[in-house]
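Visitor: Structure file run_8.pdb (PDB, C-alpha atoms) is given on the next line.
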ATOM      1  CA  MET A1178    -118.403  53.221   4.113
ATOM      2  CA  TYR A1179    -119.702  56.719   3.751
ATOM      3  CA  PHE A1180    -123.072  55.803   5.186
ATOM      4  CA  LEU A1181    -121.408  54.051   8.107
ATOM      5  CA  ALA A1182    -119.435  57.183   8.978
ATOM      6  CA  LEU A1183    -122.566  59.292   8.569
ATOM      7  CA  SER A1184    -124.604  57.073  10.883
ATOM      8  CA  SER A1185    -121.827  57.072  13.517
ATOM      9  CA  SER A1186    -121.587  60.885  13.403
ATOM     10  CA  CYS A1187    -125.380  61.085  13.699
ATOM     11  CA  SER A1188    -125.262  58.954  16.799
ATOM     12  CA  MET A1189    -122.697  61.312  18.432
ATOM     13  CA  ARG A1190    -124.200  63.136  21.382
ATOM     14  CA  LEU A1191    -122.808  66.010  23.425
ATOM     15  CA  ASP A1192    -122.113  65.444  27.075
ATOM     16  CA  SER A1193    -124.749  66.889  29.409
ATOM     17  CA  SER A1194    -122.047  68.985  31.145
ATOM     18  CA  PHE A1195    -120.901  70.553  27.835
ATOM     19  CA  ASP A1196    -123.249  73.529  28.008
ATOM     20  CA  HIS A1197    -122.413  74.175  31.625
ATOM     21  CA  GLU A1198    -118.648  73.979  30.975
ATOM     22  CA  LEU A1199    -118.855  76.261  27.946
ATOM     23  CA  MET A1200    -120.879  78.867  29.795
ATOM     24  CA  SER A1201    -118.559  78.818  32.809
ATOM     25  CA  ARG A1202    -115.525  79.323  30.520
ATOM     26  CA  ILE A1203    -117.207  82.270  28.813
ATOM     27  CA  ARG A1204    -118.086  83.793  32.191
ATOM     28  CA  ASN A1205    -114.504  83.356  33.460
ATOM     29  CA  LYS A1206    -113.105  85.119  30.399
ATOM     30  CA  GLU A1207    -115.597  87.939  30.806
ATOM     31  CA  GLN A1208    -114.693  88.302  34.466
ATOM     32  CA  ARG A1209    -110.972  88.484  33.629
ATOM     33  CA  THR A1210    -111.585  91.077  30.922
ATOM     34  CA  THR A1211    -113.743  93.154  33.251
ATOM     35  CA  ALA A1212    -111.104  92.997  35.994
ATOM     36  CA  PHE A1213    -108.412  94.087  33.529
ATOM     37  CA  ARG A1214    -110.581  96.976  32.324
ATOM     38  CA  TRP A1215    -111.197  98.106  35.881
ATOM     39  CA  THR A1216    -107.452  98.008  36.651
ATOM     40  CA  LEU A1217    -106.827 100.046  33.512
ATOM     41  CA  ARG A1218    -109.493 102.558  34.494
ATOM     42  CA  ILE A1219    -108.096 102.923  38.010
ATOM     43  CA  ALA A1220    -104.530 103.333  36.687
ATOM     44  CA  ALA A1221    -105.705 105.924  34.165
ATOM     45  CA  SER A1222    -107.588 107.818  36.866
ATOM     46  CA  VAL A1223    -104.538 107.832  39.168
ATOM     47  CA  ILE A1224    -102.277 109.093  36.349
ATOM     48  CA  PHE A1225    -104.934 111.649  35.412
ATOM     49  CA  ILE A1226    -105.205 112.999  38.977
ATOM     50  CA  VAL A1227    -101.405 113.090  39.486
ATOM     51  CA  GLY A1228    -101.007 114.816  36.114
ATOM     52  CA  LEU A1229    -103.764 117.310  36.889
ATOM     53  CA  VAL A1230    -102.219 118.200  40.268
ATOM     54  CA  THR A1231     -98.714 118.578  38.782
ATOM     55  CA  VAL A1232     -99.935 120.633  35.827
ATOM     56  CA  SER A1233    -101.987 122.903  38.091
ATOM     57  CA  GLN A1234     -98.961 123.388  40.352
ATOM     58  CA  TRP A1235     -96.860 124.147  37.290
ATOM     59  CA  VAL A1236     -99.420 126.619  35.885
ATOM     60  CA  PHE A1237    -100.156 128.454  39.109
ATOM     61  CA  LYS A1238     -96.660 128.603  40.561
ATOM     62  CA  THR A1239     -94.751 131.890  40.356
ATOM     63  CA  ASP A1240     -91.453 131.789  38.502
ATOM     64  CA  GLU A1241     -89.368 133.269  41.272
ATOM     65  CA  PRO A1242     -90.019 133.842  44.919
ATOM     66  CA  PRO A1243     -91.183 137.431  45.331
ATOM     67  CA  VAL A1244     -88.674 139.783  46.838
ATOM     68  CA  GLN A1245     -89.754 140.868  50.277
ATOM     69  CA  ILE A1246     -90.239 144.579  50.469
ATOM     70  CA  THR A1247     -90.712 145.944  53.959
ATOM     71  CA  GLN A1248     -93.389 148.570  53.957
ATOM     72  CA  THR A1249     -93.995 150.801  56.922
ATOM     73  CA  THR A1250     -96.762 153.282  57.389
ATOM     74  CA  ASN A1251     -94.403 156.111  58.332
ATOM     75  CA  THR A1252     -92.445 156.742  55.149
ATOM     76  CA  THR A1253     -91.700 155.159  51.801
ATOM     77  CA  GLN A1254     -87.975 155.174  52.583
ATOM     78  CA  PRO A1255     -87.674 151.439  53.486
ATOM     79  CA  VAL A1256     -89.122 150.487  50.079
ATOM     80  CA  ASP A1257     -86.575 152.696  48.359
ATOM     81  CA  LEU A1258     -83.816 151.204  50.468
ATOM     82  CA  GLU A1259     -84.855 147.695  49.500
ATOM     83  CA  VAL A1260     -85.013 148.678  45.849
ATOM     84  CA  MET A1261     -81.601 150.299  46.041
ATOM     85  CA  ARG A1262     -80.154 147.256  47.802
ATOM     86  CA  ALA A1263     -81.622 144.966  45.152
ATOM     87  CA  PHE A1264     -80.286 147.297  42.468
ATOM     88  CA  GLU A1265     -76.795 147.168  43.963
ATOM     89  CA  GLN A1266     -76.888 143.381  44.060
ATOM     90  CA  THR A1267     -78.170 143.173  40.504
ATOM     91  CA  LYS A1268     -75.439 145.594  39.447
ATOM     92  CA  SER A1269     -72.782 143.466  41.128
ATOM     93  CA  ALA A1270     -74.120 140.281  39.565
ATOM     94  CA  LEU A1271     -74.300 141.808  36.099
ATOM     95  CA  LEU A1272     -70.803 143.220  36.410
ATOM     96  CA  LEU A1273     -69.551 139.788  37.380
ATOM     97  CA  ILE A1274     -71.187 138.236  34.299
ATOM     98  CA  SER A1275     -69.887 141.062  32.153
ATOM     99  CA  SER A1276     -66.293 140.726  33.332
ATOM    100  CA  LYS A1277     -66.399 136.955  32.880
ATOM    101  CA  LEU A1278     -67.869 137.334  29.403
ATOM    102  CA  ASN A1279     -65.055 139.721  28.553
ATOM    103  CA  LYS A1280     -62.511 137.262  29.897
ATOM    104  CA  GLY A1281     -63.867 134.584  27.586
ATOM    105  CA  GLN A1282     -63.941 136.975  24.664
ATOM    106  CA  GLU A1283     -60.330 137.995  25.326
ATOM    107  CA  GLN A1284     -59.293 134.349  25.154
ATOM    108  CA  THR A1285     -61.199 133.976  21.882
ATOM    109  CA  MET A1286     -59.526 137.119  20.519
ATOM    110  CA  MET A1287     -56.119 135.747  21.454
ATOM    111  CA  LEU A1288     -56.953 132.583  19.524
ATOM    112  CA  SER A1289     -58.125 134.566  16.501
ATOM    113  CA  LYS A1290     -54.888 136.597  16.611
ATOM    114  CA  PHE A1291     -52.955 133.333  16.662
ATOM    115  CA  ASP A1292     -54.955 132.161  13.628
ATOM    116  CA  GLU A1293     -54.300 135.434  11.846
ATOM    117  CA  ALA A1294     -50.575 135.139  12.557
ATOM    118  CA  GLN A1295     -50.581 131.577  11.215
ATOM    119  CA  VAL A1296     -52.307 132.702   8.031
ATOM    120  CA  ARG A1297     -49.712 135.459   7.592
ATOM    121  CA  ILE A1298     -46.766 133.170   8.318
ATOM    122  CA  LYS A1299     -47.877 130.417   5.938
ATOM    123  CA  PRO A1300     -47.572 132.386   2.666
ATOM    124  CA  THR A1301     -44.155 133.779   3.648
ATOM    125  CA  SER A1302     -42.812 130.334   4.576
ATOM    126  CA  GLU A1303     -44.113 128.927   1.275
ATOM    127  CA  GLN A1304     -42.138 131.553  -0.630
TER     128      GLN A1304
ATOM    129  CA  MET B1281    -120.130  98.821  26.535
ATOM    130  CA  GLN B1282    -118.519 100.349  23.432
ATOM    131  CA  LYS B1283    -119.248 103.838  24.750
ATOM    132  CA  ASN B1284    -117.507 102.938  28.026
ATOM    133  CA  ASN B1285    -114.494 101.648  26.137
ATOM    134  CA  LEU B1286    -114.270 104.821  24.096
ATOM    135  CA  MET B1287    -114.478 106.945  27.246
ATOM    136  CA  SER B1288    -111.759 104.990  29.079
ATOM    137  CA  ASN B1289    -109.538 105.182  25.986
ATOM    138  CA  LYS B1290    -109.969 108.948  25.894
ATOM    139  CA  ILE B1291    -109.134 109.280  29.594
ATOM    140  CA  PHE B1292    -106.077 107.071  29.188
ATOM    141  CA  SER B1293    -104.811 109.077  26.203
ATOM    142  CA  LEU B1294    -105.354 112.326  28.104
ATOM    143  CA  ALA B1295    -103.483 110.949  31.109
ATOM    144  CA  ILE B1296    -100.568 109.860  28.918
ATOM    145  CA  LEU B1297    -100.486 113.305  27.292
ATOM    146  CA  MET B1298    -100.438 114.988  30.699
ATOM    147  CA  MET B1299     -97.663 112.763  31.959
ATOM    148  CA  THR B1300     -95.605 113.509  28.832
ATOM    149  CA  ALA B1301     -96.071 117.244  29.412
ATOM    150  CA  VAL B1302     -95.077 116.891  33.047
ATOM    151  CA  LEU B1303     -91.995 114.830  32.154
ATOM    152  CA  ALA B1304     -90.963 117.322  29.459
ATOM    153  CA  HIS B1305     -91.333 120.140  31.951
ATOM    154  CA  ALA B1306     -89.286 118.262  34.537
ATOM    155  CA  GLN B1307     -86.497 117.780  32.004
ATOM    156  CA  SER B1308     -86.489 121.388  30.830
ATOM    157  CA  ASP B1309     -86.262 122.617  34.359
ATOM    158  CA  GLY B1310     -83.064 120.777  35.241
ATOM    159  CA  ILE B1311     -81.290 123.950  36.261
ATOM    160  CA  THR B1312     -84.252 125.027  38.410
ATOM    161  CA  GLN B1313     -83.950 121.705  40.185
ATOM    162  CA  PHE B1314     -80.270 122.479  40.700
ATOM    163  CA  PHE B1315     -81.181 125.826  42.259
ATOM    164  CA  SER B1316     -83.836 124.170  44.444
ATOM    165  CA  LYS B1317     -81.333 121.556  45.576
ATOM    166  CA  TYR B1318     -78.820 124.080  46.872
ATOM    167  CA  GLU B1319     -80.954 127.052  47.925
ATOM    168  CA  THR B1320     -81.741 125.423  51.270
ATOM    169  CA  ASP B1321     -78.079 124.521  51.813
ATOM    170  CA  PRO B1322     -76.745 126.926  54.489
ATOM    171  CA  SER B1323     -73.321 127.061  52.816
ATOM    172  CA  PHE B1324     -74.938 128.606  49.711
ATOM    173  CA  THR B1325     -76.151 132.169  49.372
ATOM    174  CA  LEU B1326     -79.097 132.757  47.076
ATOM    175  CA  VAL B1327     -79.894 136.133  45.596
ATOM    176  CA  SER B1328     -83.147 136.249  43.678
ATOM    177  CA  VAL B1329     -84.497 139.379  42.036
ATOM    178  CA  SER B1330     -87.982 139.098  40.563
ATOM    179  CA  GLY B1331     -89.484 140.770  37.538
ATOM    180  CA  LYS B1332     -91.445 143.082  39.853
ATOM    181  CA  MET B1333     -88.218 144.425  41.299
ATOM    182  CA  PHE B1334     -86.861 144.989  37.807
ATOM    183  CA  THR B1335     -89.868 147.190  37.056
ATOM    184  CA  LEU B1336     -89.096 149.175  40.222
ATOM    185  CA  PHE B1337     -85.550 149.733  38.948
ATOM    186  CA  THR B1338     -86.974 151.797  36.084
ATOM    187  CA  HIS B1339     -87.767 154.534  38.625
ATOM    188  CA  ILE B1340     -84.074 154.904  39.461
ATOM    189  CA  GLU B1341     -82.344 157.742  37.719
ATOM    190  CA  GLY B1342     -78.863 157.056  36.455
ATOM    191  CA  LYS B1343     -76.417 159.741  37.518
ATOM    192  CA  THR B1344     -73.110 158.383  36.327
ATOM    193  CA  GLU B1345     -72.244 156.856  32.947
ATOM    194  CA  GLU B1346     -71.905 153.489  34.689
ATOM    195  CA  GLU B1347     -75.394 153.691  36.173
ATOM    196  CA  LYS B1348     -76.920 154.768  32.865
ATOM    197  CA  GLU B1349     -75.372 151.803  31.069
ATOM    198  CA  MET B1350     -76.500 149.541  33.862
ATOM    199  CA  LEU B1351     -80.099 150.773  33.718
ATOM    200  CA  LYS B1352     -80.094 150.389  29.952
ATOM    201  CA  THR B1353     -79.132 146.724  30.354
ATOM    202  CA  ILE B1354     -81.500 146.150  33.261
ATOM    203  CA  SER B1355     -84.507 147.681  31.457
ATOM    204  CA  LYS B1356     -84.863 144.578  29.290
ATOM    205  CA  LEU B1357     -84.286 142.002  32.029
ATOM    206  CA  LYS B1358     -87.033 140.100  33.811
ATOM    207  CA  GLY B1359     -85.320 138.101  36.499
ATOM    208  CA  LEU B1360     -82.031 137.218  38.129
ATOM    209  CA  ARG B1361     -80.952 134.359  40.333
ATOM    210  CA  PHE B1362     -77.530 133.970  41.825
ATOM    211  CA  LEU B1363     -76.330 131.065  43.901
ATOM    212  CA  VAL B1364     -72.886 131.220  45.449
ATOM    213  CA  ASN B1365     -70.823 129.103  47.803
ATOM    214  CA  GLU B1366     -67.685 130.895  48.902
ATOM    215  CA  GLU B1367     -66.265 127.959  50.790
ATOM    216  CA  ALA B1368     -67.156 124.978  48.657
ATOM    217  CA  THR B1369     -65.383 121.828  49.825
ATOM    218  CA  ASN B1370     -65.406 120.405  46.334
ATOM    219  CA  SER B1371     -66.162 123.265  43.995
ATOM    220  CA  LYS B1372     -64.889 121.404  40.938
ATOM    221  CA  ALA B1373     -67.269 118.488  41.483
ATOM    222  CA  THR B1374     -70.207 120.862  42.038
ATOM    223  CA  TYR B1375     -69.212 122.720  38.880
ATOM    224  CA  GLN B1376     -69.047 119.488  36.878
ATOM    225  CA  ALA B1377     -72.448 118.418  38.230
ATOM    226  CA  ALA B1378     -73.967 121.775  37.321
ATOM    227  CA  VAL B1379     -72.505 121.771  33.823
ATOM    228  CA  LYS B1380     -73.764 118.253  33.218
ATOM    229  CA  THR B1381     -77.308 119.126  34.366
ATOM    230  CA  LYS B1382     -79.836 118.629  31.574
ATOM    231  CA  MET B1383     -80.907 122.013  30.314
ATOM    232  CA  MET B1384     -83.494 121.698  27.559
ATOM    233  CA  GLY B1385     -83.293 124.447  24.975
ATOM    234  CA  PHE B1386     -79.941 125.720  26.183
ATOM    235  CA  GLU B1387     -76.717 125.579  24.248
ATOM    236  CA  LEU B1388     -73.188 126.118  25.397
ATOM    237  CA  MET B1389     -72.065 129.540  24.274
ATOM    238  CA  MET B1390     -68.613 129.736  25.773
ATOM    239  CA  SER B1391     -66.442 127.771  28.133
ATOM    240  CA  VAL B1392     -63.208 128.950  29.750
ATOM    241  CA  GLN B1393     -60.936 126.538  31.555
ATOM    242  CA  ASP B1394     -57.618 127.602  33.001
ATOM    243  CA  ALA B1395     -55.497 126.979  36.080
ATOM    244  CA  GLU B1396     -57.411 129.574  38.077
ATOM    245  CA  GLU B1397     -61.006 128.947  37.140
ATOM    246  CA  ASN B1398     -63.617 127.131  35.123
ATOM    247  CA  LEU B1399     -66.434 128.996  33.468
ATOM    248  CA  SER B1400     -69.321 127.983  31.256
ATOM    249  CA  PHE B1401     -71.973 130.134  29.627
ATOM    250  CA  PHE B1402     -75.220 128.646  28.372
ATOM    251  CA  ILE B1403     -77.824 130.557  26.406
ATOM    252  CA  LYS B1404     -81.424 129.962  25.394
ATOM    253  CA  GLU B1405     -82.387 131.724  22.192
ATOM    254  CA  GLN B1406     -85.847 132.450  20.809
ATOM    255  CA  THR B1407     -86.145 133.965  17.340
ATOM    256  CA  GLY B1408     -82.552 135.146  17.461
ATOM    257  CA  VAL B1409     -82.898 136.881  20.826
ATOM    258  CA  VAL B1410     -81.091 135.557  23.903
ATOM    259  CA  LYS B1411     -83.867 134.964  26.430
ATOM    260  CA  GLU B1412     -81.853 133.347  29.207
ATOM    261  CA  LEU B1413     -78.212 133.258  30.132
ATOM    262  CA  ILE B1414     -76.746 130.869  32.647
ATOM    263  CA  MET B1415     -73.230 131.313  33.924
ATOM    264  CA  ILE B1416     -71.659 128.509  35.926
ATOM    265  CA  GLY B1417     -68.260 129.096  37.454
ATOM    266  CA  GLU B1418     -65.729 127.723  39.868
ATOM    267  CA  SER B1419     -62.609 129.386  41.182
ATOM    268  CA  SER B1420     -60.319 128.496  44.106
ATOM    269  CA  GLY B1421     -62.899 126.841  46.343
ATOM    270  CA  GLU B1422     -65.681 129.123  45.214
ATOM    271  CA  PHE B1423     -68.662 127.980  43.213
ATOM    272  CA  PHE B1424     -71.325 130.157  41.638
ATOM    273  CA  ILE B1425     -74.216 129.816  39.264
ATOM    274  CA  MET B1426     -76.171 132.703  37.861
ATOM    275  CA  SER B1427     -79.239 132.887  35.681
ATOM    276  CA  ILE B1428     -80.635 136.011  34.042
ATOM    277  CA  THR B1429     -83.835 136.121  32.017
ATOM    278  CA  GLY B1430     -85.343 138.688  29.673
ATOM    279  CA  ASP B1431     -84.142 140.140  26.390
ATOM    280  CA  ILE B1432     -80.381 139.894  26.809
ATOM    281  CA  ASP B1433     -78.051 141.931  24.649
ATOM    282  CA  LEU B1434     -74.682 140.235  25.038
ATOM    283  CA  ASN B1435     -72.792 143.198  23.566
ATOM    284  CA  GLN B1436     -74.448 145.564  26.012
ATOM    285  CA  LEU B1437     -73.712 143.141  28.839
ATOM    286  CA  SER B1438     -70.014 142.844  28.035
ATOM    287  CA  LYS B1439     -69.811 146.622  27.670
ATOM    288  CA  LEU B1440     -70.735 147.063  31.350
ATOM    289  CA  ALA B1441     -67.437 145.812  32.742
ATOM    290  CA  ARG B1442     -65.508 147.962  30.259
ATOM    291  CA  VAL B1443     -67.387 151.057  31.437
ATOM    292  CA  VAL B1444     -66.753 150.312  35.072
ATOM    293  CA  ASN B1445     -63.330 148.810  34.345
ATOM    294  CA  ILE B1446     -63.165 146.422  37.243
ATOM    295  CA  GLU B1447     -62.372 142.808  37.819
ATOM    296  CA  GLY B1448     -65.345 140.537  38.335
ATOM    297  CA  MET B1449     -64.221 138.845  41.494
ATOM    298  CA  GLU B1450     -63.887 142.182  43.281
ATOM    299  CA  LYS B1451     -67.569 142.640  42.678
ATOM    300  CA  LEU B1452     -68.311 139.416  44.487
ATOM    301  CA  GLU B1453     -67.215 141.196  47.644
ATOM    302  CA  ASN B1454     -70.243 143.467  47.332
ATOM    303  CA  LEU B1455     -72.514 140.471  47.157
ATOM    304  CA  LYS B1456     -71.009 139.064  50.342
ATOM    305  CA  LYS B1457     -71.974 142.248  52.169
TER     306      LYS B1457
END
Before we go any further, please render this structure as structure tokens.
Guide:
Amino acid sequence: MYFLALSSSCSMRLDSSFDHELMSRIRNKEQRTTAFRWTLRIAASVIFIVGLVTVSQWVFKTDEPPVQITQTTNTTQPVDLEVMRAFEQTKSALLLISSKLNKGQEQTMMLSKFDEAQVRIKPTSEQ
Amino acid sequence: MQKNNLMSNKIFSLAILMMTAVLAHAQSDGITQFFSKYETDPSFTLVSVSGKMFTLFTHIEGKTEEEKEMLKTISKLKGLRFLVNEEATNSKATYQAAVKTKMMGFELMMSVQDAEENLSFFIKEQTGVVKELIMIGESSGEFFIMSITGDIDLNQLSKLARVVNIEGMEKLENLKK
């Protein structure tokens, strides 16, 4: 029985197209892998370029638009005027913030006074 | 082949890193985006004072007590931006949108809500020093948002109004001019 099976397996022959089929499958797989790699490379390059442009814009941009100062050759007065105007506006803005901060603080103080009153009332009511 | 793979992997990692940095920056700058969105809107007035101008302020001599206090506060500031809409059709909605804007690194310091107005203060601290203060407010059809940067002393800032002893909204009149 064993020898029969051995002789039949010895007589087994590969098809003539086997090599061709195997090689074509390997080539197809290689082609797909190469195509995928190229897509990956292109995608990475695109992301890299977009990132580089955005980062360079981010690095080289100024934080705020520069304030225009009119300079004339006659006198330095216009520069001073611009500075004074900017100072007045800054002053106004800071005073607005300041008054609003105080408003908030007043509300907080009122609450703390209410808390204090509660603390004082509690012991007397317990007695 | 292996060398090529290694190279493409490096490029891909670098690209991912860059994109992460860009995305993080985009998130942190939510309030800047808010400013950019409305600065071109004709119904909004934008006042922007740069750090350069703040250095020019140091040449001003304070004559009154008010001016001296003001210059003391200003000396540590680096920038100011103020966006105001005096006739906002829906100031409450704009206020809500501004308050909800993602501001990385900022925390809500104080919020005041009453029948007259809504106010929110956000601060960004670095090593215990307030580096940026954002005030967002809305009051009777008026919307404003203000950002100041630099080393901000909140006590010094709140002292200003006490020295001048005026109401904040009156000061808005000066800005209109």
Visitor: Counting all atoms listed in the file, a student should be able to say which residues of chain A come within 8 Å of chain B; what is the right answer, written as a PyMOL selection string?
Guide: chain A and resi 1218+1221-1222+1224-1225+1228-1229+1231-1232+1241-1244+1260+1263-1264+1266-1279+1281
Visitor: As an exercise, work out the distance from atom CA of Gln1313 of chain B to atom CA of Asn1398 of chain B in Å and give it to one decimal place.
Guide: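 For atom CA of Gln1313 of chain B relative to atom CA of Asn1398 of chain B, the distance reads 21.6 Å.
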Visitor: Distance atom CA of Tyr1318 of chain B-atom CA of Thr1369 of chain B, one decimal place?
Guide: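 Spanning atom CA of Tyr1318 of chain B to atom CA of Thr1369 of chain B is a straight-line distance of 13.9 Å.
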Visitor: What's the separation between atom CA of Glu1397 of chain B and atom CA of Glu1366 of chain B, in Å to one decimal place?
Guide: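 These two atoms are separated by 13.7 Å.
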Visitor: Quick check on the file I pasted: which residues fall under the PyMOL selection byres ((chain B and resi 1419-1423) around 6)? Write them as number ranges by chain.
Guide: B: 1364-1368, 1371, 1397, 1417-1418, 1424
